[in-house]
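Trainee: Just one file: target37.txt, with compact mmCIF, C-alpha atoms and all ligand atoms.
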# COMPACT_ATOMS: atom_id res chain seq x y z
CA MET A 404 15.27 -6.96 -19.26
CA LYS A 405 12.84 -8.21 -16.63
CA LYS A 406 11.53 -5.66 -14.13
CA GLN A 407 13.34 -7.44 -11.27
CA THR A 408 16.63 -6.73 -13.02
CA LYS A 409 15.68 -3.15 -13.78
CA ALA A 410 14.71 -2.53 -10.12
CA ILE A 411 18.32 -3.36 -9.30
CA ARG A 412 20.04 -1.73 -12.27
CA THR A 413 18.09 1.56 -12.65
CA GLN A 414 20.42 4.18 -11.18
CA THR A 415 21.14 7.90 -11.10
CA GLY A 416 24.13 8.87 -13.25
CA GLN A 417 27.56 8.52 -11.66
CA THR A 418 29.31 11.63 -10.31
CA GLN A 419 33.00 12.43 -10.96
CA TYR A 420 33.88 10.26 -7.91
CA ARG A 421 32.95 7.01 -9.75
CA GLU A 422 30.88 5.69 -6.81
CA HIS A 423 29.15 2.32 -7.25
CA SER A 424 26.15 2.94 -4.99
CA THR A 425 23.96 6.03 -5.56
CA PRO A 426 25.08 8.76 -3.13
CA LEU A 427 22.67 10.73 -0.99
CA PHE A 428 21.93 14.13 -2.58
CA LEU A 429 21.15 15.90 0.67
CA THR A 430 20.70 19.32 -0.86
CA SER A 431 17.70 21.61 -0.84
CA SER A 432 18.66 23.42 -4.05
CA PHE A 433 20.75 23.10 -7.21
CA THR A 434 22.95 25.70 -8.91
CA PHE A 435 22.65 27.22 -12.37
CA GLU A 436 25.76 27.21 -14.58
CA SER A 437 24.62 30.52 -16.05
CA ALA A 438 21.76 33.01 -15.88
CA GLU A 439 20.62 31.58 -19.22
CA GLN A 440 20.49 28.04 -17.78
CA GLY A 441 18.41 29.25 -14.81
CA LYS A 442 15.99 30.87 -17.25
CA GLU A 443 15.70 27.70 -19.33
CA LEU A 444 15.16 25.48 -16.27
CA PHE A 445 12.30 27.69 -15.08
CA GLU A 446 10.82 27.88 -18.59
CA GLU A 447 11.00 24.06 -18.60
CA THR A 448 12.73 24.13 -22.00
CA LEU A 449 15.61 22.43 -20.16
CA GLU A 450 14.99 19.47 -17.84
CA GLY A 451 16.91 19.49 -14.59
CA ASN A 452 16.84 19.92 -10.84
CA ILE A 453 16.10 23.34 -9.37
CA TYR A 454 14.88 22.80 -5.83
CA SER A 455 14.19 19.60 -3.87
CA ARG A 456 10.52 20.48 -3.35
CA PHE A 457 10.19 19.99 -7.14
CA SER A 458 12.71 17.21 -7.80
CA ASN A 459 15.89 15.64 -6.44
CA PRO A 460 18.10 12.89 -7.95
CA ASN A 461 17.34 10.40 -5.16
CA VAL A 462 13.61 11.01 -5.45
CA THR A 463 13.76 10.72 -9.25
CA GLU A 464 15.61 7.39 -9.02
CA PHE A 465 12.92 6.02 -6.67
CA VAL A 466 10.10 7.30 -8.92
CA ASP A 467 11.74 5.85 -12.05
CA LYS A 468 11.99 2.42 -10.43
CA VAL A 469 8.36 2.36 -9.28
CA CYS A 470 7.12 3.58 -12.69
CA MET A 471 9.06 0.77 -14.30
CA LEU A 472 7.70 -1.83 -11.82
CA GLU A 473 4.11 -0.65 -12.31
CA GLY A 474 4.37 -0.13 -16.07
CA ALA A 475 3.51 3.57 -15.65
CA GLU A 476 4.72 6.59 -17.62
CA GLU A 477 5.28 9.00 -14.75
CA GLY A 478 4.97 9.41 -11.02
CA ILE A 479 5.23 11.70 -7.99
CA ALA A 480 6.81 10.66 -4.71
CA THR A 481 5.49 12.10 -1.46
CA ALA A 482 6.46 12.25 2.21
CA THR A 483 3.90 9.59 3.23
CA GLY A 484 1.40 7.23 1.70
CA MET A 485 -1.45 9.47 2.81
CA ALA A 486 0.12 12.47 1.05
CA ALA A 487 0.13 10.35 -2.14
CA VAL A 488 -3.52 9.36 -1.68
CA PHE A 489 -4.54 12.97 -1.00
CA ALA A 490 -2.48 14.39 -3.89
CA SER A 491 -4.02 11.85 -6.29
CA MET A 492 -7.44 13.17 -5.33
CA ALA A 493 -6.78 16.88 -4.74
CA GLY A 494 -4.86 17.18 -8.01
CA LEU A 495 -7.68 15.72 -10.08
CA LEU A 496 -11.01 16.44 -8.38
CA LYS A 497 -13.04 19.64 -8.19
CA SER A 498 -16.08 20.81 -6.30
CA GLY A 499 -19.21 18.95 -7.42
CA ASP A 500 -17.37 15.75 -8.35
CA HIS A 501 -18.35 12.36 -6.94
CA ILE A 502 -16.13 9.46 -5.83
CA VAL A 503 -17.21 5.83 -5.74
CA ALA A 504 -15.06 3.92 -3.28
CA CYS A 505 -14.78 0.54 -1.74
CA ARG A 506 -15.90 0.67 1.91
CA ALA A 507 -12.87 -1.30 3.13
CA LEU A 508 -10.35 1.55 3.20
CA PHE A 509 -7.29 2.50 5.21
CA GLY A 510 -8.65 4.69 8.04
CA SER A 511 -7.11 7.98 6.89
CA ALA A 512 -8.34 7.45 3.31
CA HIS A 513 -11.84 7.11 4.79
CA GLN A 514 -11.32 10.42 6.67
CA ILE A 515 -10.10 12.21 3.51
CA ILE A 516 -13.15 11.06 1.57
CA THR A 517 -15.80 11.62 4.25
CA GLN A 518 -14.41 14.69 6.09
CA ILE A 519 -11.86 16.59 3.99
CA LEU A 520 -13.10 16.29 0.39
CA ALA A 521 -16.65 16.76 1.71
CA LYS A 522 -15.67 20.34 2.71
CA TRP A 523 -15.24 21.09 -1.02
CA ASP A 524 -18.58 19.47 -1.97
CA ILE A 525 -16.99 16.33 -3.33
CA THR A 526 -19.46 13.59 -2.52
CA HIS A 527 -19.00 9.83 -2.29
CA THR A 528 -20.74 6.46 -2.44
CA TYR A 529 -19.31 3.41 -0.66
CA LEU A 530 -19.67 -0.15 -1.88
CA ASP A 531 -18.65 -3.49 -0.39
CA ALA A 532 -15.53 -5.03 -1.91
CA THR A 533 -17.61 -7.97 -3.06
CA ALA A 534 -20.32 -5.84 -4.75
CA THR A 535 -21.34 -7.19 -8.16
CA GLU A 536 -20.57 -5.56 -11.48
CA ALA A 537 -24.22 -4.39 -11.66
CA GLU A 538 -23.94 -2.78 -8.21
CA TRP A 539 -20.73 -0.94 -9.13
CA ASP A 540 -22.31 0.10 -12.42
CA ALA A 541 -25.42 1.43 -10.64
CA ALA A 542 -23.28 3.48 -8.21
CA ILE A 543 -21.65 5.48 -11.04
CA GLN A 544 -23.28 8.90 -11.45
CA PRO A 545 -22.84 11.41 -14.28
CA ASN A 546 -20.47 13.39 -12.00
CA THR A 547 -18.45 10.35 -10.85
CA ARG A 548 -14.90 11.41 -11.63
CA MET A 549 -12.99 8.76 -9.67
CA VAL A 550 -13.32 5.19 -8.41
CA TYR A 551 -10.96 4.53 -5.51
CA LEU A 552 -10.18 1.20 -3.87
CA GLU A 553 -7.68 -1.02 -2.08
CA THR A 554 -7.21 -4.66 -3.01
CA PRO A 555 -6.57 -6.78 -0.98
CA SER A 556 -8.33 -4.73 1.71
CA ASN A 557 -7.18 -4.03 5.24
CA PRO A 558 -7.83 -5.98 7.45
CA GLY A 559 -10.59 -8.02 5.76
CA LEU A 560 -8.38 -9.26 2.89
CA GLU A 561 -11.28 -8.90 0.49
CA LEU A 562 -10.45 -8.42 -3.17
CA VAL A 563 -11.98 -6.09 -5.71
CA ASP A 564 -12.13 -7.41 -9.27
CA LEU A 565 -9.80 -5.07 -11.16
CA ALA A 566 -10.71 -6.38 -14.64
CA MET A 567 -14.40 -5.77 -13.88
CA LEU A 568 -13.68 -2.16 -12.89
CA GLY A 569 -11.49 -1.79 -15.97
CA ARG A 570 -14.56 -2.73 -18.07
CA LEU A 571 -16.78 -0.22 -16.23
CA LYS A 572 -14.12 2.45 -16.70
CA ALA A 573 -14.14 1.83 -20.46
CA LYS A 574 -17.92 2.33 -20.37
CA HIS A 575 -18.14 5.39 -18.08
CA GLY A 576 -14.74 7.09 -18.36
CA PHE A 577 -13.92 7.68 -14.67
CA ILE A 578 -10.39 7.69 -13.25
CA LEU A 579 -9.64 4.31 -11.69
CA ASN A 580 -7.33 4.85 -8.71
CA VAL A 581 -5.98 1.79 -6.86
CA ASP A 582 -4.08 1.71 -3.57
CA ASN A 583 -1.66 -1.12 -4.39
CA CYS A 584 0.18 -1.07 -1.05
CA PHE A 585 -0.71 -4.59 0.18
CA ALA A 586 0.19 -6.35 -3.06
CA THR A 587 3.18 -4.26 -4.20
CA PRO A 588 3.90 -4.05 -7.96
CA LEU A 589 5.69 -7.41 -7.75
CA LEU A 590 2.41 -9.25 -7.06
CA GLN A 591 -0.14 -7.06 -8.84
CA THR A 592 0.00 -4.30 -11.46
CA PRO A 593 -3.39 -2.51 -11.53
CA LEU A 594 -2.53 -0.57 -14.70
CA ASP A 595 -2.53 -3.88 -16.61
CA PHE A 596 -6.23 -4.25 -15.69
CA GLY A 597 -7.19 -0.77 -16.87
CA ALA A 598 -6.46 1.27 -13.73
CA ASP A 599 -5.23 4.83 -14.37
CA LEU A 600 -3.34 5.38 -11.14
CA SER A 601 -1.58 3.17 -8.64
CA VAL A 602 -0.82 4.70 -5.24
CA HIS A 603 1.40 3.30 -2.50
CA SER A 604 2.39 3.77 1.05
CA ALA A 605 6.10 3.10 0.47
CA THR A 606 6.36 2.98 4.27
CA LYS A 607 5.20 -0.64 4.14
CA PHE A 608 6.75 -3.30 1.89
CA MET A 609 8.76 -0.92 -0.31
CA ASP A 610 10.86 0.06 2.69
CA GLY A 611 10.12 -3.31 4.22
CA GLN A 612 12.22 -2.78 7.32
CA GLY A 613 10.11 -0.31 9.26
CA ARG A 614 12.47 2.65 8.90
CA VAL A 615 11.10 5.48 6.77
CA LEU A 616 7.81 6.98 5.64
CA GLY A 617 7.09 7.61 1.98
CA GLY A 618 4.44 7.47 -0.70
CA ILE A 619 4.09 7.47 -4.44
CA VAL A 620 1.45 7.80 -7.13
CA VAL A 621 2.11 6.63 -10.69
CA GLY A 622 0.08 6.70 -13.90
CA SER A 623 -0.10 8.33 -17.32
CA ALA A 624 1.78 11.57 -18.03
CA GLU A 625 -1.57 13.26 -18.63
CA LEU A 626 -2.98 12.42 -15.17
CA ILE A 627 0.28 12.90 -13.30
CA ALA A 628 0.71 16.47 -14.65
CA PRO A 629 -2.08 18.05 -12.52
CA ILE A 630 -0.99 15.94 -9.51
CA ARG A 631 2.58 17.21 -10.02
CA PHE A 632 1.29 20.80 -10.16
CA PHE A 633 -0.58 20.23 -6.89
CA ALA A 634 2.47 18.63 -5.21
CA ARG A 635 4.99 21.15 -6.52
CA HIS A 636 3.06 24.07 -5.04
CA THR A 637 1.70 22.53 -1.84
CA GLY A 638 4.94 20.72 -0.91
CA PRO A 639 4.30 17.15 0.31
CA SER A 640 7.75 16.22 -1.09
CA LEU A 641 9.63 13.05 -0.19
CA SER A 642 12.93 13.76 1.57
CA PRO A 643 16.11 12.76 -0.32
CA PHE A 644 17.17 10.55 2.59
CA ASN A 645 13.91 8.61 2.59
CA ALA A 646 14.03 8.33 -1.21
CA TRP A 647 17.60 7.01 -1.05
CA THR A 648 16.54 4.41 1.57
CA LEU A 649 13.45 3.39 -0.44
CA SER A 650 15.31 3.13 -3.74
CA LYS A 651 17.90 0.83 -2.13
CA SER A 652 15.07 -1.25 -0.66
CA LEU A 653 13.49 -1.76 -4.08
CA GLU A 654 16.60 -3.74 -5.06
CA THR A 655 15.46 -6.46 -2.65
CA LEU A 656 11.67 -6.10 -2.99
CA ASP A 657 11.27 -9.14 -5.24
CA LEU A 658 13.42 -11.29 -2.98
CA ARG A 659 11.60 -10.13 0.14
CA MET A 660 8.08 -10.52 -1.31
CA GLU A 661 8.92 -14.06 -2.37
CA ARG A 662 9.83 -14.98 1.22
CA HIS A 663 6.95 -12.95 2.75
CA CYS A 664 4.42 -14.79 0.57
CA LYS A 665 5.94 -18.23 1.11
CA ASN A 666 5.96 -17.72 4.89
CA ALA A 667 2.43 -16.27 4.91
CA LEU A 668 0.97 -19.19 2.95
CA ALA A 669 2.73 -21.78 5.12
CA LEU A 670 1.65 -20.07 8.36
CA ALA A 671 -1.95 -19.72 7.09
CA GLU A 672 -2.02 -23.42 6.16
CA SER A 673 -0.73 -24.47 9.57
CA LEU A 674 -3.21 -22.21 11.43
CA GLU A 675 -6.09 -23.53 9.32
CA GLN A 676 -5.47 -26.98 10.87
CA HIS A 677 -5.79 -25.71 14.44
CA PRO A 678 -9.15 -26.29 16.20
CA ASP A 679 -8.98 -23.04 18.25
CA VAL A 680 -8.64 -20.88 15.14
CA ALA A 681 -12.19 -20.21 13.97
CA THR A 682 -11.24 -18.69 10.63
CA VAL A 683 -8.08 -18.08 8.63
CA LYS A 684 -8.13 -15.67 5.75
CA TYR A 685 -5.43 -15.46 3.09
CA PRO A 686 -6.02 -14.73 -0.62
CA PHE A 687 -4.07 -17.78 -1.81
CA LEU A 688 -5.80 -20.29 0.48
CA PRO A 689 -8.37 -22.29 -1.53
CA SER A 690 -10.85 -21.60 1.32
CA HIS A 691 -10.75 -17.84 0.58
CA PRO A 692 -14.12 -16.98 -1.03
CA GLN A 693 -12.32 -15.06 -3.80
CA TYR A 694 -9.48 -17.55 -4.35
CA GLU A 695 -10.11 -17.73 -8.11
CA LEU A 696 -10.05 -13.94 -8.44
CA ALA A 697 -6.87 -13.78 -6.34
CA LYS A 698 -5.18 -16.19 -8.75
CA ARG A 699 -6.31 -14.08 -11.72
CA GLN A 700 -5.04 -10.72 -10.54
CA MET A 701 -2.19 -11.50 -8.13
CA SER A 702 0.93 -13.60 -8.66
CA ALA A 703 1.10 -14.53 -4.94
CA GLY A 704 -1.06 -13.94 -1.85
CA GLY A 705 0.95 -11.22 -0.07
CA ALA A 706 2.21 -11.04 3.50
CA ILE A 707 -0.98 -10.40 5.43
CA VAL A 708 -2.97 -13.20 7.09
CA THR A 709 -5.93 -12.69 9.39
CA ILE A 710 -7.19 -15.17 11.95
CA GLU A 711 -10.13 -15.19 14.26
CA LEU A 712 -9.72 -16.86 17.65
CA GLU A 713 -12.46 -18.57 19.64
CA GLY A 714 -12.87 -16.69 22.92
CA GLY A 715 -12.89 -13.05 21.77
CA PHE A 716 -10.59 -10.33 23.10
CA GLU A 717 -9.66 -12.23 26.30
CA ARG A 718 -8.22 -15.03 24.22
CA VAL A 719 -6.53 -12.51 21.90
CA GLN A 720 -4.83 -10.90 24.91
CA ALA A 721 -3.62 -14.23 26.29
CA PHE A 722 -2.47 -15.32 22.82
CA MET A 723 -0.58 -12.10 22.08
CA GLU A 724 1.14 -12.22 25.47
CA ALA A 725 2.25 -15.79 24.82
CA LEU A 726 3.78 -15.07 21.41
CA GLU A 727 7.56 -14.85 21.65
CA ILE A 728 8.68 -13.80 18.17
CA PRO A 729 6.12 -11.37 16.71
CA THR A 730 6.03 -7.75 17.77
CA LEU A 731 2.81 -6.01 18.80
CA SER A 732 2.49 -2.94 16.59
CA SER A 733 -0.11 -1.33 14.38
CA ASN A 734 2.33 -1.19 11.45
CA LEU A 735 2.76 -3.82 8.74
CA GLY A 736 5.10 -4.70 5.89
CA ASP A 737 8.20 -5.25 7.99
CA SER A 738 10.90 -7.93 7.87
CA ARG A 739 9.75 -8.75 11.41
CA THR A 740 6.38 -10.42 11.98
CA ILE A 741 3.82 -8.09 13.54
CA VAL A 742 0.45 -8.91 15.07
CA THR A 743 -2.36 -6.53 15.92
CA ASN A 744 -5.97 -6.66 17.07
CA PRO A 745 -7.72 -4.26 14.62
CA ASN A 746 -10.83 -3.97 16.79
CA THR A 747 -8.95 -2.26 19.64
CA THR A 748 -6.21 -0.47 17.63
CA THR A 749 -6.25 0.49 13.93
CA HIS A 750 -10.03 0.27 13.56
CA ALA A 751 -11.07 1.08 17.16
CA LYS A 752 -12.75 4.37 16.21
CA LEU A 753 -15.22 2.83 13.76
CA LYS A 754 -18.89 2.58 14.72
CA PRO A 755 -20.28 -0.91 15.51
CA ASP A 756 -22.14 -1.15 12.16
CA GLU A 757 -19.00 -0.07 10.24
CA LYS A 758 -16.98 -2.74 12.05
CA LYS A 759 -19.62 -5.31 11.20
CA ALA A 760 -19.51 -4.37 7.50
CA LEU A 761 -15.72 -4.82 7.48
CA GLY A 762 -15.72 -8.06 9.47
CA ILE A 763 -13.86 -6.54 12.41
CA THR A 764 -14.65 -8.68 15.44
CA PRO A 765 -13.11 -8.73 18.96
CA GLY A 766 -11.27 -11.99 18.17
CA LEU A 767 -9.70 -10.84 14.90
CA ILE A 768 -5.90 -10.74 14.65
CA ARG A 769 -4.03 -9.29 11.68
CA ILE A 770 -0.65 -10.88 11.08
CA SER A 771 1.94 -9.14 8.92
CA VAL A 772 4.13 -12.15 8.25
CA GLY A 773 7.83 -11.31 8.28
CA LEU A 774 10.98 -12.91 6.95
CA GLU A 775 11.90 -15.07 9.97
CA HIS A 776 12.42 -18.81 9.43
CA ILE A 777 9.01 -20.36 8.88
CA ASP A 778 9.65 -23.28 11.28
CA ASP A 779 10.15 -20.79 14.13
CA LEU A 780 6.99 -18.87 13.25
CA ILE A 781 4.80 -21.98 13.01
CA ALA A 782 6.17 -23.32 16.31
CA ASP A 783 5.68 -19.98 18.08
CA PHE A 784 2.07 -19.55 16.92
CA ALA A 785 1.31 -23.16 17.95
CA GLN A 786 2.78 -22.74 21.44
CA ALA A 787 0.94 -19.42 21.93
CA LEU A 788 -2.35 -21.12 21.01
CA THR A 789 -1.66 -23.87 23.56
CA VAL A 790 -0.59 -21.47 26.33
CA SER A 791 -3.56 -19.13 25.74
CA ALA A 792 -5.99 -22.09 25.79
CA GLU A 793 -4.61 -23.04 29.23
CA VAL A 794 -4.92 -19.46 30.48
CA MET A 795 -8.58 -19.41 29.35
CA LYS A 796 -9.28 -22.73 31.12
CA GLU A 797 -7.83 -21.40 34.39
CA ARG A 798 -10.13 -18.39 34.19
CA VAL A 799 -13.32 -20.45 33.96
C1 LIG B 1 -0.22 2.52 5.68
C2 LIG B 1 -1.16 2.63 4.57
C3 LIG B 1 -1.49 3.88 4.02
C4 LIG B 1 -0.92 5.17 4.57
O1 LIG B 1 0.44 5.26 4.42
P1 LIG B 1 1.40 6.20 5.31
O2 LIG B 1 2.74 6.01 4.71
O3 LIG B 1 1.29 5.72 6.73
O4 LIG B 1 0.88 7.59 5.19
C5 LIG B 1 -2.38 3.90 2.96
N1 LIG B 1 -2.92 2.77 2.46
C6 LIG B 1 -2.64 1.55 2.97
C7 LIG B 1 -3.28 0.35 2.40
C8 LIG B 1 -1.76 1.44 4.04
O5 LIG B 1 -1.49 0.23 4.57
Starting from the file, lay out its structure as structure tokens.

Mentor:
Amino acid sequence: MKKQTKAIRTQTGQTQYREHSTPLFLTSSFTFESAEQGKELFEETLEGNIYSRFSNPNVTEFVDKVCMLEGAEEGIATATGMAAVFASMAGLLKSGDHIVACRALFGSAHQIITQILAKWDITHTYLDATATEAEWDAAIQPNTRMVYLETPSNPGLELVDLAMLGRLKAKHGFILNVDNCFATPLLQTPLDFGADLSVHSATKFMDGQGRVLGGIVVGSAELIAPIRFFARHTGPSLSPFNAWTLSKSLETLDLRMERHCKNALALAESLEQHPDVATVKYPFLPSHPQYELAKRQMSAGGAIVTIELEGGFERVQAFMEALEIPTLSSNLGDSRTIVTNPNTTTHAKLKPDEKKALGITPGLIRISVGLEHIDDLIADFAQALTVSAEVMKERV
């Protein structure tokens, strides 16, 4: 069966009530049929649920689906994406280790690497997403235990060549850890390129409707075991309710991503024609500097488009006020289109040189393209460009 079918048909066993849809197992603990069974469960000679910090049927169903979508052996679900990122590092790294990471990281991942892991003498080296194979190779030290990256990056939409890093991993033997949140396993499966771990903020496209937080890390049984140990004893567990919501959402992930990507490409193409839009970035636009790479490692371009408006923040303000459909929010991966100005919101705290390295300018707008009808989105962006141009003219 294709993975799209399995994402719909993978399901927790039916209870005696013969329900069709998986029920919500809102229970903190599970009972033992006998003292002997309790003993066996704790000895791990018998597999089964004990306590929802360790496992829960709803959480297991969600994990099974993501493992299947990513082609991974095992996984751990967590309360948030950041808990998954941190667990994937804390479970595997020790004092004295070194991480090589792509500079274009989600803000909290940057804080974990530079502030939190640094407290335990775990050092790091940052590289640009577009660094060459020789530059990545040169950054690997004898104590480099992990290479961590996001592709496509936020908000620059730069890609890291996964096959290239897979080759370097074969040479050096580090753990290749990829945040696959922007692409989702429907568009890109890092493990196929040699990655060891794929981590997600399930809060984004996996939920896809802006309701719950969640995270997951998947990979080989060997690497997941120490991460599971870390998670079991430190407790970043995903709640059964959120797991139930996320597992249901995975049934429509393929359908939603298809529409997200179709809308994003069409909107990017229409904005590229507009004279007031200085740049449009989208991995599946032929004008994207890494278009060929995008085609090699992704099956579609994703839902995120960035544009840069002539006129800086003033124009951005006028444009955002004129938009009628999109919501202004710092989130992404929702059925509803969202726009944000990274320079003054998600990436506001970065230093000027860090912003420059990531291409974050005052006029940059990140668009998380939703599932609305594309004709309405194109018309709304066009009218907001016209209205904001008039506002700017009046100000002169
Ligand atoms: C949102 C996001 C995260 C963090 O996820 P949370 O669920 O908010 O903790 C990590 N990586 C990327 C790429 C994200 O977009």

Trainee: Please produce, as JSON lines, a per-residue contact table for chain A versus ligand LIG 1 (chain B) (criterion: any atom at most 7 Å away, all atoms listed in the file considered), showing the nearest atom pair and its distance in Å to one decimal, sorted by chain then residue number.

Mentor:
{"residue": "A:Thr483", "atom": "CA", "partner": "B:LIG1", "partner_atom": "O2", "distance": 4.0}
{"residue": "A:Gly484", "atom": "CA", "partner": "B:LIG1", "partner_atom": "O1", "distance": 3.5}
{"residue": "A:Met485", "atom": "CA", "partner": "B:LIG1", "partner_atom": "O4", "distance": 3.8}
{"residue": "A:Ala486", "atom": "CA", "partner": "B:LIG1", "partner_atom": "O4", "distance": 6.4}
{"residue": "A:Phe509", "atom": "CA", "partner": "B:LIG1", "partner_atom": "N1", "distance": 5.2}
{"residue": "A:Ala512", "atom": "CA", "partner": "B:LIG1", "partner_atom": "C5", "distance": 6.9}
{"residue": "A:Glu553", "atom": "CA", "partner": "B:LIG1", "partner_atom": "C7", "distance": 6.4}
{"residue": "A:Asn557", "atom": "CA", "partner": "B:LIG1", "partner_atom": "C7", "distance": 6.5}
{"residue": "A:Asp582", "atom": "CA", "partner": "B:LIG1", "partner_atom": "C7", "distance": 6.2}
{"residue": "A:Cys584", "atom": "CA", "partner": "B:LIG1", "partner_atom": "C7", "distance": 5.1}
{"residue": "A:Phe585", "atom": "CA", "partner": "B:LIG1", "partner_atom": "C7", "distance": 6.0}
{"residue": "A:His603", "atom": "CA", "partner": "B:LIG1", "partner_atom": "N1", "distance": 6.6}
{"residue": "A:Ser604", "atom": "CA", "partner": "B:LIG1", "partner_atom": "O1", "distance": 4.2}
{"residue": "A:Ala605", "atom": "CA", "partner": "B:LIG1", "partner_atom": "O2", "distance": 6.1}
{"residue": "A:Thr606", "atom": "CA", "partner": "B:LIG1", "partner_atom": "O2", "distance": 4.7}
{"residue": "A:Lys607", "atom": "CA", "partner": "B:LIG1", "partner_atom": "C1", "distance": 6.5}
{"residue": "A:Leu616", "atom": "CA", "partner": "B:LIG1", "partner_atom": "O2", "distance": 5.2}
{"residue": "A:Gly617", "atom": "CA", "partner": "B:LIG1", "partner_atom": "O2", "distance": 5.4}
{"residue": "A:Gly618", "atom": "CA", "partner": "B:LIG1", "partner_atom": "O2", "distance": 5.9}

Trainee: Give me the residues near Lys468 in chain A as a PyMOL selection string, where near means some atom within 8 Å (using all atoms listed in the file) and where sequence neighbours in that chain fewer than 2 positions away do not count.

Mentor: chain A and resi 409-410+413+464-466+470-472+650+653

Trainee: Can you measure CA of Glu695 in chain A to CA of Leu589 in chain A for me? One decimal in Å is fine.

Mentor: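 If I compute the distance from CA of Glu695 in chain A to CA of Leu589 in chain A, I get 18.9 Å.
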
Trainee: Please check which residues have atoms at most 6 Å from (15.6, 23.7, -3.8) in the file's coordinates, counting all atoms listed in the file, and write them as a PyMOL selection string.

Mentor: chain A and resi 431-432+453-455

Trainee: Which value, in Å to one decimal, gives the distance between CA of Thr463 in chain A and CA of Tyr420 in chain A?

Mentor: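 Separating CA of Thr463 in chain A from CA of Tyr420 in chain A is a distance of 20.2 Å.
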
Trainee: Work out how far CA of Val488 in chain A is from CA of Phe428 in chain A, in Å to one decimal.

Mentor: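 Computing the Euclidean distance for CA of Phe428 in chain A and CA of Val488 in chain A yields 25.9 Å.
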
Trainee: Would you mind telling me which residue in A:Pro755, A:Pro588, A:Pro765, A:Gly441 lies nearest to Arg718 in chain A when using all atoms listed in the file?

Mentor: A:Pro765

Trainee: Between A:Glu476, A:Asp564, A:Asp531, A:Glu711, which is the closest to Gln693 in chain A once you count all atoms listed in the file?

Mentor: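 Ranking A:Glu476, A:Asp564, A:Asp531, A:Glu711 by distance to Gln693 in chain A, first place goes to A:Asp564.
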
Trainee: What lies within 8 Å of Val742 in chain A using all atoms listed in the file, ignoring chain neighbours under 3 positions off, as a list in words?

Mentor: Met723, Pro729, Thr730, Leu731, Ser732, Ser733, Ile768, Arg769, Ile770 and Ser771 of chain A
